[in-house]
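Have a look at the structure below, then the notes.
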Amino acid sequence: MKNKKVQLIIVVIVLLFAMITIIFCCNRGRKYNISITIPASGTEAFIYSDEEISPKGNTITLYVGEGMGDGEIVLKPIEVKEENAYESTYITPGMPVKMSVEKGAWFKIGVNNLQNSSGEDMVVYITVSDVDIRIE
């Protein structure tokens with residue numbers, strides 16, 4: 001009788017460990033597509049996302065998303081503890097950009113306004129992972 005109780009406890013512990021592992025693996029690395037609407041007649045150098053992102057670590061990795069080609073991107077600090085200058089960087093499809101940032105700070109992603117030569121508003125996407133998202 002004792003042997004069956006021990007076996008049942010071991011099975012329950014293994015199942016709990018498996019469930020916890022699955023939960024952590026599924027939530028890790030979730031990617032988000034951040035949309036940025038570039039107006040047809042904008043005059044600003046960079047156009048920023050409505051969504052704000054906060055890194056879960058000390059880096060943010062950005063990827064070119066739908067509608068976006070080669071171009072410059074920049075992070076605009078919204079809520080930070082330390083004032084740092086985040087310079088624009090060049091991004092190209094297939095080549096992610098990794099930026100060192102302050103963990104827990106909030107940023108908007110900006111794309112160079114020169115992306116839009118169509119004469120109409122254009123929506124582009126930047127893909128990010130391992131961040132928290134909030135809408136302005």
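Going through the structure tokens in order, the chains are called A, B, and so on, while each chain numbers its residues from 1 and the ligands are numbered from 1 in the order shown.
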
Would you list the contacts of A:Leu62 as a VMD selection string, taking every protein, DNA or RNA residue within 6 Å and counting only C-alpha atoms, but skipping same-chain residues closer than 4 positions in sequence? chain A and resid 96 to 97 127 to 128

Could you save the residues just selected, with N, CA and C atoms, as a short mmCIF file (atom, residue, chain, number, x, y, z; two decimals), in the first residue's frame?
data_model
loop_
_atom_site.label_atom_id
_atom_site.label_comp_id
_atom_site.auth_asym_id
_atom_site.auth_seq_id
_atom_site.Cartn_x
_atom_site.Cartn_y
_atom_site.Cartn_z
N PRO A 96 18.41 40.63 -37.89
CA PRO A 96 17.87 41.27 -36.69
C PRO A 96 18.86 42.26 -36.09
N VAL A 97 18.32 43.25 -35.42
CA VAL A 97 19.13 44.26 -34.73
C VAL A 97 18.94 44.05 -33.24
N THR A 127 9.02 43.54 -35.79
CA THR A 127 8.76 42.39 -34.92
C THR A 127 9.76 42.40 -33.77
N VAL A 128 9.25 42.20 -32.55
CA VAL A 128 10.08 42.14 -31.35
C VAL A 128 9.71 40.91 -30.54
#

Leaving out stretch 80-92 of chain A and any residue of its chain fewer than 4 positions from it, which residues lie within 7 Å of it when counting only C-alpha atoms, given as a PyMOL selection string? chain A and resi 64+69-75+97+105-106

I need the chosen residues saved as a short mmCIF file (atom, residue, chain, number, x, y, z; two decimals), in the first residue's frame, with N, CA and C atoms.
data_model
loop_
_atom_site.label_atom_id
_atom_site.label_comp_id
_atom_site.auth_asym_id
_atom_site.auth_seq_id
_atom_site.Cartn_x
_atom_site.Cartn_y
_atom_site.Cartn_z
N VAL A 64 12.76 43.12 -39.12
CA VAL A 64 11.92 43.75 -40.13
C VAL A 64 10.65 42.92 -40.26
N GLY A 69 11.00 47.60 -45.49
CA GLY A 69 12.21 47.18 -46.17
C GLY A 69 13.42 47.64 -45.37
N ASP A 70 14.51 47.89 -46.05
CA ASP A 70 15.69 48.45 -45.39
C ASP A 70 15.35 49.83 -44.86
N GLY A 71 15.95 50.20 -43.75
CA GLY A 71 15.73 51.54 -43.24
C GLY A 71 16.32 51.73 -41.87
N GLU A 72 16.11 52.93 -41.34
CA GLU A 72 16.61 53.27 -40.02
C GLU A 72 15.49 53.07 -38.99
N ILE A 73 15.88 52.60 -37.82
CA ILE A 73 14.95 52.51 -36.70
C ILE A 73 15.61 53.13 -35.48
N VAL A 74 14.78 53.53 -34.53
CA VAL A 74 15.30 54.14 -33.31
C VAL A 74 14.34 53.82 -32.17
N LEU A 75 14.86 53.79 -30.95
CA LEU A 75 14.03 53.64 -29.76
C LEU A 75 13.87 55.00 -29.10
N VAL A 97 18.32 43.25 -35.42
CA VAL A 97 19.13 44.26 -34.73
C VAL A 97 18.94 44.05 -33.24
N ALA A 105 12.51 49.58 -18.66
CA ALA A 105 12.17 50.89 -19.24
C ALA A 105 11.12 50.69 -20.34
N TRP A 106 10.47 51.76 -20.72
CA TRP A 106 9.45 51.70 -21.78
C TRP A 106 9.91 52.55 -22.95
#

I need the residues of chain A that end up classed as alpha helix (DSSP H) by DSSP on the backbone, written out as a list in words.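 Secondary structure check on chain A, alpha helix (DSSP H): Lys2, Asn3, Lys4, Lys5, Val6, Gln7, Leu8, Ile9, Ile10, Val11, Val12, Ile13, Val14, Leu15, Leu16, Phe17, Ala18, Met19, Ile20, Thr21, Ile22, Ile23, Phe24, Cys25, Cys26 and Asn27 of chain A.
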
At a cut-off of 10 Å, using only C-alpha atoms, what residues contact A:Glu44? Leave out same-chain residues fewer than 4 positions from it and give the result as a PyMOL selection string. chain A and resi 39+48+112-114

List every residue of chain A that DSSP, applied to the backbone of this structure, places in strand (DSSP E or B), and write the result as JSON, numbers by chain. {"A": [31, 32, 33, 34, 35, 36, 37, 38, 46, 47, 48, 51, 52, 53, 54, 55, 59, 60, 61, 62, 63, 64, 71, 72, 73, 74, 75, 76, 77, 78, 79, 89, 90, 91, 92, 95, 97, 98, 99, 100, 106, 107, 108, 109, 110, 111, 112, 122, 123, 124, 125, 126, 127, 128, 129, 131, 132, 133, 134, 135]}

Separation of atom CA of A:Val12 and atom CA of A:Arg30, in Å?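 Result for atom CA of A:Val12 versus atom CA of A:Arg30: 28.6 Å, one decimal.
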
Between A:Ile10, A:Tyr63, A:Ile135, A:Gly119, which is the closest to A:Ala40 once you count only C-alpha atoms?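 Of the candidates, the smallest distance to A:Ala40 is held by A:Gly119.
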
Kindly indicate which residue among A:Lys103, A:Lys98, A:Lys76, A:Lys5 lies nearest to A:Val131, using only C-alpha atoms for the distances.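 Closest to A:Val131, using only C-alpha atoms: A:Lys103.
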
One decimal, Å: what's the distance from atom CA of A:Ile109 over to atom CA of A:Glu66, could you say? 15.0 Å
